[in-house]
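Structure file final06.pdb (PDB, C-alpha atoms and all ligand atoms) is printed below.
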MODEL        1
ATOM      1  CA  MET A  15     -53.331  52.333  15.651  1.00  0.00           C
ATOM      2  CA  ALA A  16     -51.464  55.464  16.707  1.00  0.00           C
ATOM      3  CA  GLU A  17     -49.159  55.126  19.660  1.00  0.00           C
ATOM      4  CA  ALA A  18     -50.411  57.303  22.464  1.00  0.00           C
ATOM      5  CA  GLY A  19     -48.178  60.183  23.451  1.00  0.00           C
ATOM      6  CA  LEU A  20     -45.900  59.968  20.409  1.00  0.00           C
ATOM      7  CA  PRO A  21     -46.035  62.734  17.828  1.00  0.00           C
ATOM      8  CA  ALA A  22     -46.693  61.495  14.288  1.00  0.00           C
ATOM      9  CA  SER A  23     -43.186  62.487  13.222  1.00  0.00           C
ATOM     10  CA  THR A  24     -41.371  60.202  15.692  1.00  0.00           C
ATOM     11  CA  ALA A  25     -38.907  58.051  13.818  1.00  0.00           C
ATOM     12  CA  GLN A  26     -39.409  54.310  13.982  1.00  0.00           C
ATOM     13  CA  LYS A  27     -36.661  51.762  13.741  1.00  0.00           C
ATOM     14  CA  LEU A  28     -37.730  49.448  10.953  1.00  0.00           C
ATOM     15  CA  ARG A  29     -36.752  45.800  10.630  1.00  0.00           C
ATOM     16  CA  VAL A  30     -33.975  45.274   8.089  1.00  0.00           C
ATOM     17  CA  VAL A  31     -34.665  42.192   5.984  1.00  0.00           C
ATOM     18  CA  ARG A  32     -31.873  39.809   5.119  1.00  0.00           C
ATOM     19  CA  LEU A  33     -30.774  38.050   1.957  1.00  0.00           C
ATOM     20  CA  GLY A  34     -33.378  35.436   1.163  1.00  0.00           C
ATOM     21  CA  HIS A  35     -36.324  37.798   1.632  1.00  0.00           C
ATOM     22  CA  PRO A  36     -37.899  38.033  -1.848  1.00  0.00           C
ATOM     23  CA  VAL A  37     -38.223  41.854  -1.671  1.00  0.00           C
ATOM     24  CA  LEU A  38     -34.424  42.128  -2.010  1.00  0.00           C
ATOM     25  CA  ARG A  39     -34.641  40.468  -5.440  1.00  0.00           C
ATOM     26  CA  LYS A  40     -37.495  42.569  -6.852  1.00  0.00           C
ATOM     27  CA  VAL A  41     -37.211  45.613  -9.090  1.00  0.00           C
ATOM     28  CA  ALA A  42     -38.665  48.375  -6.903  1.00  0.00           C
ATOM     29  CA  GLU A  43     -41.423  50.713  -8.125  1.00  0.00           C
ATOM     30  CA  PRO A  44     -40.930  54.469  -8.582  1.00  0.00           C
ATOM     31  CA  VAL A  45     -42.368  56.599  -5.789  1.00  0.00           C
ATOM     32  CA  PRO A  46     -45.654  58.003  -7.196  1.00  0.00           C
ATOM     33  CA  GLU A  47     -45.721  61.718  -7.977  1.00  0.00           C
ATOM     34  CA  GLU A  48     -48.558  62.377  -5.516  1.00  0.00           C
ATOM     35  CA  TRP A  49     -46.462  61.090  -2.597  1.00  0.00           C
ATOM     36  CA  PHE A  50     -43.928  63.934  -2.694  1.00  0.00           C
ATOM     37  CA  ASP A  51     -44.127  66.317   0.230  1.00  0.00           C
ATOM     38  CA  THR A  52     -46.661  64.128   2.042  1.00  0.00           C
ATOM     39  CA  GLY A  53     -46.507  62.621   5.512  1.00  0.00           C
ATOM     40  CA  ARG A  54     -46.387  59.157   3.993  1.00  0.00           C
ATOM     41  CA  LEU A  55     -43.117  59.736   2.116  1.00  0.00           C
ATOM     42  CA  ASN A  56     -41.693  61.958   4.870  1.00  0.00           C
ATOM     43  CA  ASN A  57     -42.303  59.255   7.481  1.00  0.00           C
ATOM     44  CA  LEU A  58     -40.743  56.536   5.356  1.00  0.00           C
ATOM     45  CA  ALA A  59     -37.675  58.713   4.680  1.00  0.00           C
ATOM     46  CA  THR A  60     -37.335  59.628   8.366  1.00  0.00           C
ATOM     47  CA  ASP A  61     -37.637  55.972   9.419  1.00  0.00           C
ATOM     48  CA  LEU A  62     -35.109  54.932   6.774  1.00  0.00           C
ATOM     49  CA  LEU A  63     -32.577  57.507   8.020  1.00  0.00           C
ATOM     50  CA  HIS A  64     -33.202  56.583  11.649  1.00  0.00           C
ATOM     51  CA  THR A  65     -32.864  52.845  10.965  1.00  0.00           C
ATOM     52  CA  MET A  66     -29.653  53.400   8.986  1.00  0.00           C
ATOM     53  CA  MET A  67     -28.076  55.333  11.863  1.00  0.00           C
ATOM     54  CA  VAL A  68     -29.226  52.868  14.557  1.00  0.00           C
ATOM     55  CA  GLU A  69     -27.887  49.945  12.502  1.00  0.00           C
ATOM     56  CA  GLU A  70     -24.628  51.840  11.942  1.00  0.00           C
ATOM     57  CA  GLY A  71     -24.810  51.610   8.159  1.00  0.00           C
ATOM     58  CA  VAL A  72     -23.721  54.254   5.655  1.00  0.00           C
ATOM     59  CA  GLY A  73     -26.647  53.463   3.381  1.00  0.00           C
ATOM     60  CA  LEU A  74     -30.071  51.846   3.448  1.00  0.00           C
ATOM     61  CA  ALA A  75     -32.475  51.328   0.553  1.00  0.00           C
ATOM     62  CA  ALA A  76     -36.254  51.061   0.974  1.00  0.00           C
ATOM     63  CA  PRO A  77     -36.375  47.406  -0.219  1.00  0.00           C
ATOM     64  CA  GLN A  78     -34.110  46.562   2.752  1.00  0.00           C
ATOM     65  CA  VAL A  79     -36.983  47.531   5.051  1.00  0.00           C
ATOM     66  CA  ALA A  80     -39.415  45.547   2.881  1.00  0.00           C
ATOM     67  CA  GLU A  81     -40.714  48.619   0.994  1.00  0.00           C
ATOM     68  CA  PRO A  82     -40.311  47.912  -2.743  1.00  0.00           C
ATOM     69  CA  LEU A  83     -39.946  51.593  -3.649  1.00  0.00           C
ATOM     70  CA  ARG A  84     -37.178  53.527  -5.404  1.00  0.00           C
ATOM     71  CA  LEU A  85     -35.559  55.556  -2.644  1.00  0.00           C
ATOM     72  CA  PHE A  86     -32.558  55.182  -0.393  1.00  0.00           C
ATOM     73  CA  ALA A  87     -30.811  56.924   2.491  1.00  0.00           C
ATOM     74  CA  TYR A  88     -27.067  57.364   2.859  1.00  0.00           C
ATOM     75  CA  TRP A  89     -24.434  59.504   4.510  1.00  0.00           C
ATOM     76  CA  LEU A  90     -20.665  59.794   4.624  1.00  0.00           C
ATOM     77  CA  PRO A  91     -18.984  60.300   7.981  1.00  0.00           C
ATOM     78  CA  GLY A  92     -16.032  61.939   6.187  1.00  0.00           C
ATOM     79  CA  SER A  93     -12.356  61.092   6.428  1.00  0.00           C
ATOM     80  CA  GLU A  94      -8.952  62.424   5.343  1.00  0.00           C
ATOM     81  CA  ASP A  95      -9.669  61.802   1.687  1.00  0.00           C
ATOM     82  CA  GLU A  96     -13.478  61.834   1.618  1.00  0.00           C
ATOM     83  CA  PRO A  97     -15.768  64.781   2.235  1.00  0.00           C
ATOM     84  CA  GLU A  98     -18.545  64.509   4.797  1.00  0.00           C
ATOM     85  CA  VAL A  99     -22.077  64.125   3.441  1.00  0.00           C
ATOM     86  CA  GLU A 100     -24.970  64.771   5.813  1.00  0.00           C
ATOM     87  CA  PRO A 101     -27.567  61.978   6.030  1.00  0.00           C
ATOM     88  CA  ARG A 102     -29.890  62.377   3.053  1.00  0.00           C
ATOM     89  CA  VAL A 103     -32.558  60.557   1.075  1.00  0.00           C
ATOM     90  CA  ILE A 104     -32.728  60.391  -2.719  1.00  0.00           C
ATOM     91  CA  VAL A 105     -36.013  59.403  -4.338  1.00  0.00           C
ATOM     92  CA  ASN A 106     -36.445  57.933  -7.840  1.00  0.00           C
ATOM     93  CA  PRO A 107     -32.712  58.218  -8.569  1.00  0.00           C
ATOM     94  CA  GLU A 108     -31.066  57.766 -11.934  1.00  0.00           C
ATOM     95  CA  ILE A 109     -27.345  57.216 -12.134  1.00  0.00           C
ATOM     96  CA  ARG A 110     -24.858  57.078 -14.962  1.00  0.00           C
ATOM     97  CA  PRO A 111     -21.099  56.627 -14.980  1.00  0.00           C
ATOM     98  CA  VAL A 112     -18.814  59.536 -15.835  1.00  0.00           C
ATOM     99  CA  GLY A 113     -16.042  57.841 -17.787  1.00  0.00           C
ATOM    100  CA  GLU A 114     -15.294  54.139 -17.890  1.00  0.00           C
ATOM    101  CA  GLU A 115     -12.916  53.958 -14.939  1.00  0.00           C
ATOM    102  CA  THR A 116     -13.710  51.420 -12.229  1.00  0.00           C
ATOM    103  CA  GLU A 117     -11.955  50.500  -8.988  1.00  0.00           C
ATOM    104  CA  GLU A 118     -12.308  47.747  -6.422  1.00  0.00           C
ATOM    105  CA  GLY A 119     -13.268  48.561  -2.852  1.00  0.00           C
ATOM    106  CA  TRP A 120     -14.586  46.784   0.238  1.00  0.00           C
ATOM    107  CA  GLU A 121     -18.314  46.612   0.835  1.00  0.00           C
ATOM    108  CA  GLY A 122     -20.657  45.173   3.382  1.00  0.00           C
ATOM    109  CA  CYS A 123     -24.443  45.221   3.570  1.00  0.00           C
ATOM    110  CA  LEU A 124     -26.950  45.418   6.439  1.00  0.00           C
ATOM    111  CA  SER A 125     -28.980  42.733   4.636  1.00  0.00           C
ATOM    112  CA  ILE A 126     -25.946  40.411   4.467  1.00  0.00           C
ATOM    113  CA  PRO A 127     -24.617  40.890   7.997  1.00  0.00           C
ATOM    114  CA  GLY A 128     -21.115  39.906   9.011  1.00  0.00           C
ATOM    115  CA  LEU A 129     -19.438  39.742   5.598  1.00  0.00           C
ATOM    116  CA  ARG A 130     -17.156  41.953   3.502  1.00  0.00           C
ATOM    117  CA  GLY A 131     -16.074  41.616  -0.102  1.00  0.00           C
ATOM    118  CA  LEU A 132     -14.209  43.478  -2.822  1.00  0.00           C
ATOM    119  CA  VAL A 133     -16.533  44.991  -5.417  1.00  0.00           C
ATOM    120  CA  PRO A 134     -15.638  46.841  -8.623  1.00  0.00           C
ATOM    121  CA  ARG A 135     -17.583  50.106  -9.073  1.00  0.00           C
ATOM    122  CA  TYR A 136     -17.424  53.150 -11.316  1.00  0.00           C
ATOM    123  CA  VAL A 137     -15.083  55.731  -9.817  1.00  0.00           C
ATOM    124  CA  ARG A 138     -17.295  58.663 -10.792  1.00  0.00           C
ATOM    125  CA  ILE A 139     -21.041  58.906 -11.393  1.00  0.00           C
ATOM    126  CA  LYS A 140     -23.712  61.485 -12.032  1.00  0.00           C
ATOM    127  CA  VAL A 141     -26.869  61.186  -9.953  1.00  0.00           C
ATOM    128  CA  LYS A 142     -30.243  62.748 -10.639  1.00  0.00           C
ATOM    129  CA  GLY A 143     -33.325  62.295  -8.503  1.00  0.00           C
ATOM    130  CA  ARG A 144     -35.732  64.036  -6.168  1.00  0.00           C
ATOM    131  CA  ALA A 145     -35.699  65.029  -2.551  1.00  0.00           C
ATOM    132  CA  VAL A 146     -38.588  64.008  -0.294  1.00  0.00           C
ATOM    133  CA  ASP A 147     -40.251  67.405  -0.870  1.00  0.00           C
ATOM    134  CA  GLY A 148     -40.090  66.842  -4.626  1.00  0.00           C
ATOM    135  CA  SER A 149     -37.264  69.266  -5.354  1.00  0.00           C
ATOM    136  CA  PRO A 150     -34.700  68.065  -7.903  1.00  0.00           C
ATOM    137  CA  VAL A 151     -31.409  66.546  -6.777  1.00  0.00           C
ATOM    138  CA  SER A 152     -28.411  66.546  -9.077  1.00  0.00           C
ATOM    139  CA  LEU A 153     -24.865  65.699  -8.066  1.00  0.00           C
ATOM    140  CA  THR A 154     -21.593  64.182  -9.169  1.00  0.00           C
ATOM    141  CA  ALA A 155     -20.011  61.688  -6.787  1.00  0.00           C
ATOM    142  CA  ASP A 156     -16.670  59.949  -6.819  1.00  0.00           C
ATOM    143  CA  GLY A 157     -14.702  57.428  -4.792  1.00  0.00           C
ATOM    144  CA  PHE A 158     -16.454  56.048  -1.713  1.00  0.00           C
ATOM    145  CA  HIS A 159     -19.371  58.455  -2.224  1.00  0.00           C
ATOM    146  CA  ALA A 160     -19.963  57.000  -5.712  1.00  0.00           C
ATOM    147  CA  ARG A 161     -19.557  53.471  -4.320  1.00  0.00           C
ATOM    148  CA  VAL A 162     -22.202  53.927  -1.630  1.00  0.00           C
ATOM    149  CA  ILE A 163     -24.707  55.334  -4.133  1.00  0.00           C
ATOM    150  CA  GLN A 164     -24.076  52.510  -6.637  1.00  0.00           C
ATOM    151  CA  HIS A 165     -24.534  49.921  -3.854  1.00  0.00           C
ATOM    152  CA  GLU A 166     -27.835  51.483  -2.735  1.00  0.00           C
ATOM    153  CA  TYR A 167     -29.062  52.012  -6.283  1.00  0.00           C
ATOM    154  CA  ASP A 168     -28.477  48.316  -7.009  1.00  0.00           C
ATOM    155  CA  HIS A 169     -30.881  47.425  -4.180  1.00  0.00           C
ATOM    156  CA  LEU A 170     -33.635  49.220  -6.152  1.00  0.00           C
ATOM    157  CA  ASP A 171     -33.033  46.786  -9.008  1.00  0.00           C
ATOM    158  CA  GLY A 172     -32.911  43.667  -6.827  1.00  0.00           C
ATOM    159  CA  ILE A 173     -29.116  43.434  -7.003  1.00  0.00           C
ATOM    160  CA  VAL A 174     -26.798  42.870  -4.008  1.00  0.00           C
ATOM    161  CA  TYR A 175     -23.047  43.448  -3.875  1.00  0.00           C
ATOM    162  CA  LEU A 176     -22.292  39.717  -4.020  1.00  0.00           C
ATOM    163  CA  ASP A 177     -23.696  39.753  -7.583  1.00  0.00           C
ATOM    164  CA  ARG A 178     -21.119  42.420  -8.530  1.00  0.00           C
ATOM    165  CA  MET A 179     -18.074  40.674  -7.060  1.00  0.00           C
ATOM    166  CA  THR A 180     -15.618  39.435  -9.664  1.00  0.00           C
ATOM    167  CA  ALA A 181     -13.349  37.703  -7.136  1.00  0.00           C
ATOM    168  CA  MET A 182     -15.395  35.691  -4.620  1.00  0.00           C
ATOM    169  CA  ARG A 183     -12.087  34.733  -2.997  1.00  0.00           C
ATOM    170  CA  SER A 184     -12.054  38.134  -1.301  1.00  0.00           C
ATOM    171  CA  LEU A 185     -15.263  37.400   0.663  1.00  0.00           C
ATOM    172  CA  MET A 186     -14.577  37.314   4.393  1.00  0.00           C
ATOM    173  CA  PHE A 187     -16.118  37.680   7.815  1.00  0.00           C
ATOM    174  CA  GLU A 188     -15.935  41.117   9.444  1.00  0.00           C
ATOM    175  CA  PRO A 189     -13.642  40.243  12.375  1.00  0.00           C
ATOM    176  CA  GLU A 190     -11.157  38.604   9.984  1.00  0.00           C
ATOM    177  CA  TRP A 191     -11.468  41.584   7.608  1.00  0.00           C
ATOM    178  CA  GLU A 192     -10.687  43.950  10.466  1.00  0.00           C
ATOM    179  CA  ARG A 193      -7.746  41.854  11.553  1.00  0.00           C
ATOM    180  CA  TYR A 194      -6.130  40.955   8.230  1.00  0.00           C
ATOM    181  CA  VAL A 195      -7.199  43.793   5.904  1.00  0.00           C
ATOM    182  CA  LEU A 196      -7.885  46.853   8.029  1.00  0.00           C
ATOM    183  CA  ALA A 197      -4.941  46.392  10.384  1.00  0.00           C
ATOM    184  CA  PRO A 198      -2.650  43.716   8.893  1.00  0.00           C
ATOM    185  CA  ALA A 199       0.487  45.218  10.418  1.00  0.00           C
ATOM    186  CA  GLU A 200      -1.009  45.061  13.899  1.00  0.00           C
ATOM    187  CA  ALA A 201      -2.240  41.509  13.328  1.00  0.00           C
ATOM    188  CA  GLU A 202       1.283  40.409  12.410  1.00  0.00           C
ATOM    189  CA  GLN A 203       2.726  42.010  15.531  1.00  0.00           C
ATOM    190  CA  GLU A 204       0.075  40.335  17.643  1.00  0.00           C
ATOM    191  CA  GLU A 205       0.932  36.966  16.171  1.00  0.00           C
ATOM    192  CA  SER A 206       4.708  37.252  16.358  1.00  0.00           C
ATOM    193  CA  PRO A 207       5.074  36.181  20.027  1.00  0.00           C
ATOM    194  CA  ASP A 208       3.624  32.786  19.061  1.00  0.00           C
ATOM    195  CA  ALA A 209       5.991  32.311  16.139  1.00  0.00           C
TER     196      ALA A 209
HETATM  197 ZN    ZN A 301     -26.784  46.767   0.931  1.00  0.00          ZN
ENDMDL
END

Output the structure of this file as structure tokens.
Ligand SMILES: [Zn+2]
Amino acid sequence: MAEAGLPASTAQKLRVVRLGHPVLRKVAEPVPEEWFDTGRLNNLATDLLHTMMVEEGVGLAAPQVAEPLRLFAYWLPGSEDEPEVEPRVIVNPEIRPVGEETEEGWEGCLSIPGLRGLVPRYVRIKVKGRAVDGSPVSLTADGFHARVIQHEYDHLDGIVYLDRMTAMRSLMFEPEWERYVLAPAEAEQEESPDA
């Protein structure tokens, strides 16, 4: 039933499912050709973007909102060494590494709340896919940009970042990660009066 007074395009915040929900372990289906540039795909993409921003994630794949389809949303806020990427959705993506080089970096996941772990990923990848209107998307990503895309792409194949970790010893809770990894110097200073 339509909600009275709300235009059809109003973004909905969808429920993000957590590890243990079977949809996170399924291989998602390609978005059918006839869905491009339709309200159905537009609404799903809009809701995915909205949910990602409300949940304060940098990426969200459709299986994480219990839609076993091959699309994901992501964005990069930008920093000193990373360019900003506006929130966008890529449908039916294909990725391949450019070169063999990998690097470890910290990841978290909205479907595995409260944890962070070190995950090896390809440093540079090529991405091909479609936009919601069906137009082709083609880009090369590196660093954190490449990491976010590889993390989201994995969700389309039923893979979570824990499966990619080679050193489970690095797994930690977010407050501890913030204290001992993000700002270790400050944490030491804080502790010194008790020493
Ligand atoms: Zn995730």

Give the residues close to ligand ZN 301 (chain A), within 10 Å, counting all atoms listed in the file; write them as an mmCIF file with C-alpha atoms, in the coordinates of the input.
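The file below, out_16.cif, is the result:
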data_model
loop_
_atom_site.group_PDB
_atom_site.id
_atom_site.type_symbol
_atom_site.label_atom_id
_atom_site.label_comp_id
_atom_site.auth_asym_id
_atom_site.auth_seq_id
_atom_site.Cartn_x
_atom_site.Cartn_y
_atom_site.Cartn_z
ATOM 1 C CA ARG A 32 -31.873 39.809 5.119
ATOM 2 C CA LEU A 33 -30.774 38.050 1.957
ATOM 3 C CA LEU A 38 -34.424 42.128 -2.010
ATOM 4 C CA GLY A 71 -24.810 51.610 8.159
ATOM 5 C CA VAL A 72 -23.721 54.254 5.655
ATOM 6 C CA GLY A 73 -26.647 53.463 3.381
ATOM 7 C CA LEU A 74 -30.071 51.846 3.448
ATOM 8 C CA ALA A 75 -32.475 51.328 0.553
ATOM 9 C CA PRO A 77 -36.375 47.406 -0.219
ATOM 10 C CA GLN A 78 -34.110 46.562 2.752
ATOM 11 C CA GLU A 121 -18.314 46.612 0.835
ATOM 12 C CA GLY A 122 -20.657 45.173 3.382
ATOM 13 C CA CYS A 123 -24.443 45.221 3.570
ATOM 14 C CA LEU A 124 -26.950 45.418 6.439
ATOM 15 C CA SER A 125 -28.980 42.733 4.636
ATOM 16 C CA ILE A 126 -25.946 40.411 4.467
ATOM 17 C CA PRO A 127 -24.617 40.890 7.997
ATOM 18 C CA VAL A 162 -22.202 53.927 -1.630
ATOM 19 C CA GLN A 164 -24.076 52.510 -6.637
ATOM 20 C CA HIS A 165 -24.534 49.921 -3.854
ATOM 21 C CA GLU A 166 -27.835 51.483 -2.735
ATOM 22 C CA TYR A 167 -29.062 52.012 -6.283
ATOM 23 C CA ASP A 168 -28.477 48.316 -7.009
ATOM 24 C CA HIS A 169 -30.881 47.425 -4.180
ATOM 25 C CA ILE A 173 -29.116 43.434 -7.003
ATOM 26 C CA VAL A 174 -26.798 42.870 -4.008
ATOM 27 C CA TYR A 175 -23.047 43.448 -3.875
ATOM 28 C CA LEU A 176 -22.292 39.717 -4.020
#

Open item on the list: Just checking: using all atoms listed in the file, which residue out of A:Arg161, A:Arg54, A:Arg110, A:Arg178 ends up closest to Ile139 of chain A?
Closed with: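 So, comparing all the options, the nearest one is A:Arg110.
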
*Selection near Leu63 of chain A, 12 Å with all atoms listed in the file, sequence-local residues under 3 positions removed, as number ranges by chain*: A: 24-28, 56-60, 66-76, 79, 85-89, 100-104

(request) Go through A:Gly113, A:Pro91, A:Pro107, A:Gly119 and flag the residue nearest Val195 of chain A, using all atoms listed in the file for the distances. (result)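 Nearest candidate to Val195 of chain A out of A:Gly113, A:Pro91, A:Pro107, A:Gly119: A:Gly119.
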
Nearby residues (only C-alpha atoms) at most 8 Å from segment 184-189 of chain A, same-chain spacing under 6 positions excluded, as an MDAnalysis selection string: chainID A and resid 128:132

**Asked** In Å, how far is it from atom CA of Val41 of chain A to atom CA of Arg29 of chain A?
**Response**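 Value for the atom CA of Val41 of chain A-atom CA of Arg29 of chain A distance: 19.7 Å.
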
Please enclose the listed atoms of segment 136-152 of chain A in an axis-aligned box, pad each side by 8 Å, and write out the centre and the three edge lengths in Å, rounded to one decimal, as AutoDock Vina command-line options.
--center_x -27.7 --center_y 61.2 --center_z -6.2 --size_x 41.2 --size_y 32.1 --size_z 27.7

Mind running segment 71-174 of chain A against segment 48-51 of chain A at 10 Å and telling me each contacting residue's nearest atom pair with the distance in Å (one decimal), counting all atoms listed in the file, chain and number ascending, as CSV?
residue,atom,partner,partner_atom,distance
A:Val105,CA,A:Phe50,CA,9.3
A:Arg144,CA,A:Phe50,CA,8.9
A:Ala145,CA,A:Phe50,CA,8.3
A:Val146,CA,A:Phe50,CA,5.9
A:Asp147,CA,A:Asp51,CA,4.2
A:Gly148,CA,A:Phe50,CA,5.2
A:Ser149,CA,A:Phe50,CA,8.9

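Interatomic distance, atom CA of Gly143 of chain A to atom CA of Ala42 of chain A: 15.0 Å.
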
Would you kindly translate the PyMOL selection byres (((chain A and resi 159) around 9) and not hetatm) into the concrete residues it picks from this file, as an mmCIF file with C-alpha atoms, keeping the file's coordinate frame?
data_model
loop_
_atom_site.group_PDB
_atom_site.id
_atom_site.type_symbol
_atom_site.label_atom_id
_atom_site.label_comp_id
_atom_site.auth_asym_id
_atom_site.auth_seq_id
_atom_site.Cartn_x
_atom_site.Cartn_y
_atom_site.Cartn_z
ATOM 1 C CA TRP A 89 -24.434 59.504 4.510
ATOM 2 C CA LEU A 90 -20.665 59.794 4.624
ATOM 3 C CA GLU A 96 -13.478 61.834 1.618
ATOM 4 C CA PRO A 97 -15.768 64.781 2.235
ATOM 5 C CA VAL A 99 -22.077 64.125 3.441
ATOM 6 C CA ARG A 138 -17.295 58.663 -10.792
ATOM 7 C CA ALA A 155 -20.011 61.688 -6.787
ATOM 8 C CA ASP A 156 -16.670 59.949 -6.819
ATOM 9 C CA GLY A 157 -14.702 57.428 -4.792
ATOM 10 C CA PHE A 158 -16.454 56.048 -1.713
ATOM 11 C CA ALA A 160 -19.963 57.000 -5.712
ATOM 12 C CA ARG A 161 -19.557 53.471 -4.320
ATOM 13 C CA VAL A 162 -22.202 53.927 -1.630
ATOM 14 C CA ILE A 163 -24.707 55.334 -4.133
ATOM 15 C CA GLN A 164 -24.076 52.510 -6.637
#

- Can you turn the PyMOL selection byres (((chain A and resi 115) around 10) and not hetatm) into a concrete residue list for this file, as a PyMOL selection string? chain A and resi 111-114+116-117+134-138

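Across A:Arg193, A:Leu83, A:Ala181, A:Val151, the tightest approach to Leu55 of chain A is made by A:Leu83 when counting all atoms listed in the file.
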